[in-house]
Each structure stands twice: as structure tokens, then as C-alpha cells.
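J.: For reference, this is start_7.cif, and it has mmCIF, C-alpha atoms; chains and numbers go by the auth columns.
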```cif
data_structure
loop_
_atom_site.group_PDB
_atom_site.id
_atom_site.type_symbol
_atom_site.label_atom_id
_atom_site.label_comp_id
_atom_site.label_asym_id
_atom_site.label_seq_id
_atom_site.Cartn_x
_atom_site.Cartn_y
_atom_site.Cartn_z
_atom_site.B_iso_or_equiv
_atom_site.auth_seq_id
_atom_site.auth_asym_id
ATOM 1 C CA MET A 1 100.818 137.252 75.740 0.00 278 A
ATOM 2 C CA GLU A 2 98.389 140.140 75.527 0.00 279 A
ATOM 3 C CA ALA A 3 97.996 142.181 72.356 0.00 280 A
ATOM 4 C CA ASN A 4 99.529 145.287 73.978 0.00 281 A
ATOM 5 C CA ASP A 5 102.562 143.580 75.575 0.00 282 A
ATOM 6 C CA HIS A 6 104.839 145.057 72.908 0.00 283 A
ATOM 7 C CA GLN A 7 103.913 148.558 74.123 0.00 284 A
ATOM 8 C CA ARG A 8 104.688 147.994 77.795 0.00 285 A
ATOM 9 C CA PRO A 9 107.895 149.601 79.051 0.00 286 A
ATOM 10 C CA VAL A 10 110.696 147.202 79.900 0.00 287 A
ATOM 11 C CA THR A 11 112.948 147.928 82.864 0.00 288 A
ATOM 12 C CA LEU A 12 116.670 147.478 83.221 0.00 289 A
ATOM 13 C CA GLY A 13 118.281 146.047 86.336 0.00 290 A
ATOM 14 C CA SER A 14 118.639 149.585 87.707 0.00 291 A
ATOM 15 C CA GLY A 15 114.879 150.003 87.522 0.00 292 A
ATOM 16 C CA ALA A 16 115.182 152.732 84.873 0.00 293 A
ATOM 17 C CA PRO A 17 112.338 152.410 82.372 0.00 294 A
ATOM 18 C CA MET A 18 113.001 151.618 78.755 0.00 295 A
ATOM 19 C CA GLY A 19 110.293 152.882 76.434 0.00 296 A
ATOM 20 C CA ARG A 20 109.583 151.606 72.951 0.00 297 A
ATOM 21 C CA THR A 21 109.830 153.352 69.606 0.00 298 A
ATOM 22 C CA GLU A 22 107.040 153.249 67.042 0.00 299 A
ATOM 23 C CA GLU A 23 109.005 150.491 65.298 0.00 300 A
ATOM 24 C CA GLY A 24 108.877 148.358 68.455 0.00 301 A
ATOM 25 C CA ALA A 25 112.530 148.840 69.417 0.00 302 A
ATOM 26 C CA SER A 26 113.183 149.055 73.149 0.00 303 A
ATOM 27 C CA VAL A 27 114.775 152.369 74.097 0.00 304 A
ATOM 28 C CA VAL A 28 117.879 152.317 76.280 0.00 305 A
ATOM 29 C CA ASP A 29 118.148 155.943 77.416 0.00 306 A
ATOM 30 C CA CYS A 30 121.766 156.658 78.342 0.00 307 A
ATOM 31 C CA ARG A 31 121.530 160.453 78.087 0.00 308 A
ATOM 32 C CA GLY A 32 123.473 162.144 80.871 0.00 309 A
ATOM 33 C CA GLN A 33 125.497 158.991 81.567 0.00 310 A
ATOM 34 C CA LEU A 34 129.254 158.803 81.102 0.00 311 A
ATOM 35 C CA CYS A 35 131.175 155.670 80.223 0.00 312 A
ATOM 36 C CA PRO A 36 131.240 152.952 81.218 0.00 313 A
ATOM 37 C CA LYS A 37 127.565 153.172 82.298 0.00 314 A
ATOM 38 C CA PRO A 38 126.091 153.321 78.735 0.00 315 A
ATOM 39 C CA ILE A 39 128.001 150.142 77.901 0.00 316 A
ATOM 40 C CA PHE A 40 126.671 148.404 81.028 0.00 317 A
ATOM 41 C CA MET A 41 123.130 149.573 80.219 0.00 318 A
ATOM 42 C CA THR A 42 123.427 148.327 76.618 0.00 319 A
ATOM 43 C CA LYS A 43 124.930 145.027 77.756 0.00 320 A
ATOM 44 C CA GLY A 44 122.131 144.577 80.330 0.00 321 A
ATOM 45 C CA ALA A 45 119.395 145.274 77.781 0.00 322 A
ATOM 46 C CA LEU A 46 120.941 142.804 75.320 0.00 323 A
ATOM 47 C CA ALA A 47 121.243 140.166 78.055 0.00 324 A
ATOM 48 C CA LYS A 48 117.514 140.434 78.804 0.00 325 A
ATOM 49 C CA GLY A 49 116.503 140.434 75.134 0.00 326 A
ATOM 50 C CA SER A 50 116.037 137.612 72.683 0.00 327 A
ATOM 51 C CA ILE A 51 117.916 137.041 69.447 0.00 328 A
ATOM 52 C CA GLY A 52 116.488 139.430 66.845 0.00 329 A
ATOM 53 C CA ASP A 53 115.212 142.025 69.370 0.00 330 A
ATOM 54 C CA MET A 54 115.944 145.638 68.387 0.00 331 A
ATOM 55 C CA PHE A 55 117.194 148.252 70.843 0.00 332 A
ATOM 56 C CA GLU A 56 117.582 151.992 70.325 0.00 333 A
ATOM 57 C CA VAL A 57 120.466 153.214 72.485 0.00 334 A
ATOM 58 C CA ILE A 58 120.464 156.992 72.984 0.00 335 A
ATOM 59 C CA VAL A 59 123.661 158.692 74.167 0.00 336 A
ATOM 60 C CA ASP A 60 124.629 162.358 74.364 0.00 337 A
ATOM 61 C CA ASP A 61 128.368 161.993 74.848 0.00 338 A
ATOM 62 C CA ASP A 62 130.774 161.419 71.954 0.00 339 A
ATOM 63 C CA GLY A 63 132.956 159.032 73.968 0.00 340 A
ATOM 64 C CA SER A 64 129.906 156.978 74.951 0.00 341 A
ATOM 65 C CA LYS A 65 128.778 156.848 71.321 0.00 342 A
ATOM 66 C CA GLN A 66 132.123 155.471 70.189 0.00 343 A
ATOM 67 C CA ASN A 67 132.337 153.016 73.073 0.00 344 A
ATOM 68 C CA VAL A 68 128.811 151.622 72.584 0.00 345 A
ATOM 69 C CA LEU A 69 129.477 151.166 68.858 0.00 346 A
ATOM 70 C CA ARG A 70 132.825 149.531 69.639 0.00 347 A
ATOM 71 C CA TYR A 71 131.187 147.218 72.222 0.00 348 A
ATOM 72 C CA CYS A 72 128.571 146.128 69.674 0.00 349 A
ATOM 73 C CA TRP A 73 131.227 145.529 67.024 0.00 350 A
ATOM 74 C CA ASN A 74 133.475 143.536 69.379 0.00 351 A
ATOM 75 C CA HIS A 75 130.591 141.326 70.539 0.00 352 A
ATOM 76 C CA GLY A 76 129.121 140.587 67.117 0.00 353 A
ATOM 77 C CA GLN A 77 125.945 142.645 67.573 0.00 354 A
ATOM 78 C CA GLU A 78 124.291 144.059 64.450 0.00 355 A
ATOM 79 C CA VAL A 79 124.046 147.853 64.127 0.00 356 A
ATOM 80 C CA PRO A 80 121.728 148.330 61.138 0.00 357 A
ATOM 81 C CA ARG A 81 121.534 152.108 61.475 0.00 358 A
ATOM 82 C CA SER A 82 122.319 155.119 63.586 0.00 359 A
ATOM 83 C CA TYR A 83 121.782 158.848 63.358 0.00 360 A
ATOM 84 C CA ALA A 84 122.596 162.098 65.106 0.00 361 A
ATOM 85 C CA ALA A 85 119.843 164.421 66.358 0.00 362 A
ATOM 86 C CA GLY A 86 121.415 167.548 67.771 0.00 363 A
ATOM 87 C CA ARG A 87 123.677 166.475 70.641 0.00 364 A
ATOM 88 C CA GLU A 88 122.058 163.044 70.824 0.00 365 A
ATOM 89 C CA PHE A 89 123.190 159.984 68.928 0.00 366 A
ATOM 90 C CA HIS A 90 120.741 157.136 68.327 0.00 367 A
ATOM 91 C CA ILE A 91 122.214 153.678 67.783 0.00 368 A
ATOM 92 C CA PHE A 92 119.937 150.824 66.701 0.00 369 A
ATOM 93 C CA VAL A 93 121.265 147.455 67.845 0.00 370 A
ATOM 94 C CA ARG A 94 119.735 144.122 66.846 0.00 371 A
ATOM 95 C CA LYS A 95 120.633 141.330 69.270 0.00 372 A
ATOM 96 C CA SER A 96 122.647 138.671 67.509 0.00 373 A
ATOM 97 C CA PRO A 97 124.288 135.544 68.909 0.00 374 A
ATOM 98 C CA GLU A 98 127.266 136.925 70.812 0.00 375 A
ATOM 99 C CA LYS A 99 130.609 136.151 69.259 0.00 376 A
ATOM 100 C CA ALA A 100 134.000 137.756 69.297 0.00 377 A
ATOM 101 C CA SER A 101 134.744 139.730 66.172 0.00 378 A
ATOM 102 C CA GLU A 102 137.227 137.911 63.969 0.00 379 A
ATOM 103 C CA LYS A 103 137.977 141.073 62.018 0.00 380 A
ATOM 104 C CA PRO A 104 140.143 143.954 63.196 0.00 381 A
ATOM 105 C CA LEU A 105 138.235 147.065 64.198 0.00 382 A
ATOM 106 C CA PRO A 106 137.775 149.146 61.029 0.00 383 A
ATOM 107 C CA ALA A 107 138.726 152.820 60.796 0.00 384 A
ATOM 108 C CA VAL A 108 135.129 153.512 59.772 0.00 385 A
ATOM 109 C CA GLY A 109 132.584 151.512 61.757 0.00 386 A
ATOM 110 C CA PRO A 110 128.897 150.787 61.376 0.00 387 A
ATOM 111 C CA CYS A 111 126.813 153.510 59.796 0.00 388 A
ATOM 112 C CA GLY A 112 129.872 155.485 58.715 0.00 389 A
ATOM 113 C CA THR A 113 131.089 156.350 62.224 0.00 390 A
ATOM 114 C CA ARG A 114 134.843 156.900 62.458 0.00 391 A
ATOM 115 C CA TRP A 115 136.564 155.066 65.324 0.00 392 A
ATOM 116 C CA ASP A 116 139.711 157.207 65.436 0.00 393 A
#
```
Let me see the structure of the file written as C-alpha cells.
T.:
Amino acid sequence: MEANDHQRPVTLGSGAPMGRTEEGASVVDCRGQLCPKPIFMTKGALAKGSIGDMFEVIVDDDGSKQNVLRYCWNHGQEVPRSYAAGREFHIFVRKSPEKASEKPLPAVGPCGTRWD
């Protein structure tokens, strides 16, 4: 592996480029996409990643934000942080071993996001 491999863009199955943040997280840019496409894009990025890889999923639709967070919760993926920037919502997802959630979906999800 070359020293700069971590800076090379990664591509999803659709051929859309995923950049990288300064922290090394791969960016899954779902802006302008309506559900279920952001979920498919997130699922595809996680499938190509390794356990412990970090992804920054960017959505600009409230329904997509809730659905991506719900998908991560239901599949046991870690969401260490998220934040809003104007109309965009940035969700950081760390790939974990996939497992069905044994807990009911909480009213307030990861990073303080309300599900209802």
C-alpha cells in the first residue's frame, strides 16, 4: 500500500466518487437523493469497507436523514456523531460487525436525533 492510498477517492458501485474527510472518513454524498437511494448508497459503502472504517454520509432530506440513522441502528452500526450544517446533515458511521438490534428503536436515537 502506498503512503497516499488513504487520500485516493473510493467509488461506489454506481461509479459515483466518494471523497475523504481530513479525518480519513470516506464521504458518501447522498445530497439530492431521495429514499431509498441514500440507504442503498450507505449499505454499499459499508459492504465495501472493513470493520472499523469510518464513513461520513451527507444527506439533505429530513426523511433520508431519519432513514439512514434508522438503518444504522437496526443493523448494529456505530454512529459516534452527527451534525447539521444548514440544510445538510452529516452522519458519521463506523462499520461494526452487522447484527440485528436487540433493543427496540428509541424515541431519541444516536446523537440526539428524534425518530418520531
J.: Hey, what's within 7 Å of range 358-367 of chain A if we count all atoms listed in the file and toss same-chain stuff fewer than 2 positions away? As a ChimeraX atom specification, please?
T.: /A:333-337,342,356,369,388
J.: Taking the file above as input, evaluate the PyMOL selection byres ((chain A and resi 371) around 8) and report the hits as a list of chain:residue names.
T.: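 Matching residues under the PyMOL selection byres ((chain A and resi 371) around 8) are A:Ile328, A:Gly329, A:Asp330, A:Met331, A:Phe332, A:Gln354, A:Glu355, A:Val356, A:Pro357, A:Phe369, A:Val370, A:Lys372, A:Ser373.
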J.: How many Å separate CA of Cys312 in chain A from CA of Lys325 in chain A?
T.: 20.5 Å
J.: As an exercise, work out the distance from CA of Ser327 in chain A to CA of Val304 in chain A in Å and give it to one decimal place.
T.: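 Those two atoms sit 14.9 Å apart.
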J.: Work out how far apart CA of Gly321 in chain A and CA of Pro374 in chain A are and give it in Å to one decimal.
T.: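 These atoms are spaced 14.7 Å apart.
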J.: Translate the PyMOL selection byres ((chain A and resi 340) around 12) into a concrete residue list for this structure, as a list in words.
T.: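 With the PyMOL selection byres ((chain A and resi 340) around 12) on this model, the match is Gln310, Leu311, Cys312, Pro313, Lys314, Pro315, Ile316, Val336, Asp337, Asp338, Asp339, Ser341, Lys342, Gln343, Asn344, Val345, Leu346, Arg347, Phe366, Arg391, Trp392 and Asp393 of chain A.
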J.: May I have the residues from that selection written out with C-alpha atoms, as a PDB file, in the frame of the given file?
T.:
```pdb
ATOM      1  CA  GLN A 310     125.497 158.991  81.567  1.00  0.00           C
ATOM      2  CA  LEU A 311     129.254 158.803  81.102  1.00  0.00           C
ATOM      3  CA  CYS A 312     131.175 155.670  80.223  1.00  0.00           C
ATOM      4  CA  PRO A 313     131.240 152.952  81.218  1.00  0.00           C
ATOM      5  CA  LYS A 314     127.565 153.172  82.298  1.00  0.00           C
ATOM      6  CA  PRO A 315     126.091 153.321  78.735  1.00  0.00           C
ATOM      7  CA  ILE A 316     128.001 150.142  77.901  1.00  0.00           C
ATOM      8  CA  VAL A 336     123.661 158.692  74.167  1.00  0.00           C
ATOM      9  CA  ASP A 337     124.629 162.358  74.364  1.00  0.00           C
ATOM     10  CA  ASP A 338     128.368 161.993  74.848  1.00  0.00           C
ATOM     11  CA  ASP A 339     130.774 161.419  71.954  1.00  0.00           C
ATOM     12  CA  SER A 341     129.906 156.978  74.951  1.00  0.00           C
ATOM     13  CA  LYS A 342     128.778 156.848  71.321  1.00  0.00           C
ATOM     14  CA  GLN A 343     132.123 155.471  70.189  1.00  0.00           C
ATOM     15  CA  ASN A 344     132.337 153.016  73.073  1.00  0.00           C
ATOM     16  CA  VAL A 345     128.811 151.622  72.584  1.00  0.00           C
ATOM     17  CA  LEU A 346     129.477 151.166  68.858  1.00  0.00           C
ATOM     18  CA  ARG A 347     132.825 149.531  69.639  1.00  0.00           C
ATOM     19  CA  PHE A 366     123.190 159.984  68.928  1.00  0.00           C
ATOM     20  CA  ARG A 391     134.843 156.900  62.458  1.00  0.00           C
ATOM     21  CA  TRP A 392     136.564 155.066  65.324  1.00  0.00           C
ATOM     22  CA  ASP A 393     139.711 157.207  65.436  1.00  0.00           C
TER      23      ASP A 393
END
```
J.: Complete range 318-342 of chain A with N, CA and C atoms (output as a PDB file, in the coordinates of the input).
T.:
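Now in out-v2.pdb:
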```pdb
ATOM      1  N   MET A 318     124.570 149.526  80.487  1.00  0.00           N
ATOM      2  CA  MET A 318     123.130 149.573  80.219  1.00  0.00           C
ATOM      3  C   MET A 318     122.796 148.837  78.922  1.00  0.00           C
ATOM      4  N   THR A 319     123.631 149.025  77.893  1.00  0.00           N
ATOM      5  CA  THR A 319     123.427 148.327  76.618  1.00  0.00           C
ATOM      6  C   THR A 319     123.604 146.832  76.803  1.00  0.00           C
ATOM      7  N   LYS A 320     124.652 146.443  77.502  1.00  0.00           N
ATOM      8  CA  LYS A 320     124.930 145.027  77.756  1.00  0.00           C
ATOM      9  C   LYS A 320     123.780 144.391  78.536  1.00  0.00           C
ATOM     10  N   GLY A 321     123.250 145.100  79.534  1.00  0.00           N
ATOM     11  CA  GLY A 321     122.131 144.577  80.330  1.00  0.00           C
ATOM     12  C   GLY A 321     120.870 144.400  79.501  1.00  0.00           C
ATOM     13  N   ALA A 322     120.583 145.373  78.634  1.00  0.00           N
ATOM     14  CA  ALA A 322     119.395 145.274  77.781  1.00  0.00           C
ATOM     15  C   ALA A 322     119.535 144.091  76.826  1.00  0.00           C
ATOM     16  N   LEU A 323     120.719 143.923  76.232  1.00  0.00           N
ATOM     17  CA  LEU A 323     120.941 142.804  75.320  1.00  0.00           C
ATOM     18  C   LEU A 323     120.820 141.469  76.047  1.00  0.00           C
ATOM     19  N   ALA A 324     121.307 141.408  77.283  1.00  0.00           N
ATOM     20  CA  ALA A 324     121.243 140.166  78.055  1.00  0.00           C
ATOM     21  C   ALA A 324     119.798 139.753  78.334  1.00  0.00           C
ATOM     22  N   LYS A 325     118.923 140.732  78.513  1.00  0.00           N
ATOM     23  CA  LYS A 325     117.514 140.434  78.804  1.00  0.00           C
ATOM     24  C   LYS A 325     116.702 140.182  77.541  1.00  0.00           C
ATOM     25  N   GLY A 326     117.231 140.583  76.393  1.00  0.00           N
ATOM     26  CA  GLY A 326     116.503 140.434  75.134  1.00  0.00           C
ATOM     27  C   GLY A 326     116.690 139.068  74.514  1.00  0.00           C
ATOM     28  N   SER A 327     115.943 138.845  73.456  1.00  0.00           N
ATOM     29  CA  SER A 327     116.037 137.612  72.683  1.00  0.00           C
ATOM     30  C   SER A 327     116.721 137.914  71.354  1.00  0.00           C
ATOM     31  N   ILE A 328     117.269 136.880  70.746  1.00  0.00           N
ATOM     32  CA  ILE A 328     117.916 137.041  69.447  1.00  0.00           C
ATOM     33  C   ILE A 328     116.909 137.686  68.483  1.00  0.00           C
ATOM     34  N   GLY A 329     117.339 138.715  67.797  1.00  0.00           N
ATOM     35  CA  GLY A 329     116.488 139.430  66.845  1.00  0.00           C
ATOM     36  C   GLY A 329     115.822 140.667  67.423  1.00  0.00           C
ATOM     37  N   ASP A 330     115.805 140.831  68.759  1.00  0.00           N
ATOM     38  CA  ASP A 330     115.212 142.025  69.370  1.00  0.00           C
ATOM     39  C   ASP A 330     116.015 143.264  68.967  1.00  0.00           C
ATOM     40  N   MET A 331     115.309 144.374  68.776  1.00  0.00           N
ATOM     41  CA  MET A 331     115.944 145.638  68.387  1.00  0.00           C
ATOM     42  C   MET A 331     115.927 146.584  69.581  1.00  0.00           C
ATOM     43  N   PHE A 332     117.050 147.267  69.781  1.00  0.00           N
ATOM     44  CA  PHE A 332     117.194 148.252  70.843  1.00  0.00           C
ATOM     45  C   PHE A 332     117.672 149.561  70.234  1.00  0.00           C
ATOM     46  N   GLU A 333     117.110 150.668  70.721  1.00  0.00           N
ATOM     47  CA  GLU A 333     117.582 151.992  70.325  1.00  0.00           C
ATOM     48  C   GLU A 333     118.321 152.572  71.523  1.00  0.00           C
ATOM     49  N   VAL A 334     119.632 152.674  71.418  1.00  0.00           N
ATOM     50  CA  VAL A 334     120.466 153.214  72.485  1.00  0.00           C
ATOM     51  C   VAL A 334     120.680 154.686  72.189  1.00  0.00           C
ATOM     52  N   ILE A 335     120.328 155.545  73.158  1.00  0.00           N
ATOM     53  CA  ILE A 335     120.464 156.992  72.984  1.00  0.00           C
ATOM     54  C   ILE A 335     121.553 157.484  73.933  1.00  0.00           C
ATOM     55  N   VAL A 336     122.576 158.116  73.372  1.00  0.00           N
ATOM     56  CA  VAL A 336     123.661 158.692  74.167  1.00  0.00           C
ATOM     57  C   VAL A 336     123.816 160.165  73.777  1.00  0.00           C
ATOM     58  N   ASP A 337     124.400 160.940  74.678  1.00  0.00           N
ATOM     59  CA  ASP A 337     124.629 162.358  74.364  1.00  0.00           C
ATOM     60  C   ASP A 337     126.077 162.755  74.634  1.00  0.00           C
ATOM     61  N   ASP A 338     126.950 161.779  74.617  1.00  0.00           N
ATOM     62  CA  ASP A 338     128.368 161.993  74.848  1.00  0.00           C
ATOM     63  C   ASP A 338     129.135 161.286  73.738  1.00  0.00           C
ATOM     64  N   ASP A 339     130.062 161.990  73.088  1.00  0.00           N
ATOM     65  CA  ASP A 339     130.774 161.419  71.954  1.00  0.00           C
ATOM     66  C   ASP A 339     131.575 160.176  72.341  1.00  0.00           C
ATOM     67  N   GLY A 340     132.210 160.205  73.511  1.00  0.00           N
ATOM     68  CA  GLY A 340     132.956 159.032  73.968  1.00  0.00           C
ATOM     69  C   GLY A 340     132.052 157.838  74.177  1.00  0.00           C
ATOM     70  N   SER A 341     130.872 158.064  74.742  1.00  0.00           N
ATOM     71  CA  SER A 341     129.906 156.978  74.951  1.00  0.00           C
ATOM     72  C   SER A 341     129.435 156.415  73.619  1.00  0.00           C
ATOM     73  N   LYS A 342     129.202 157.296  72.645  1.00  0.00           N
ATOM     74  CA  LYS A 342     128.778 156.848  71.321  1.00  0.00           C
ATOM     75  C   LYS A 342     129.810 155.897  70.739  1.00  0.00           C
TER      76      LYS A 342
END
```
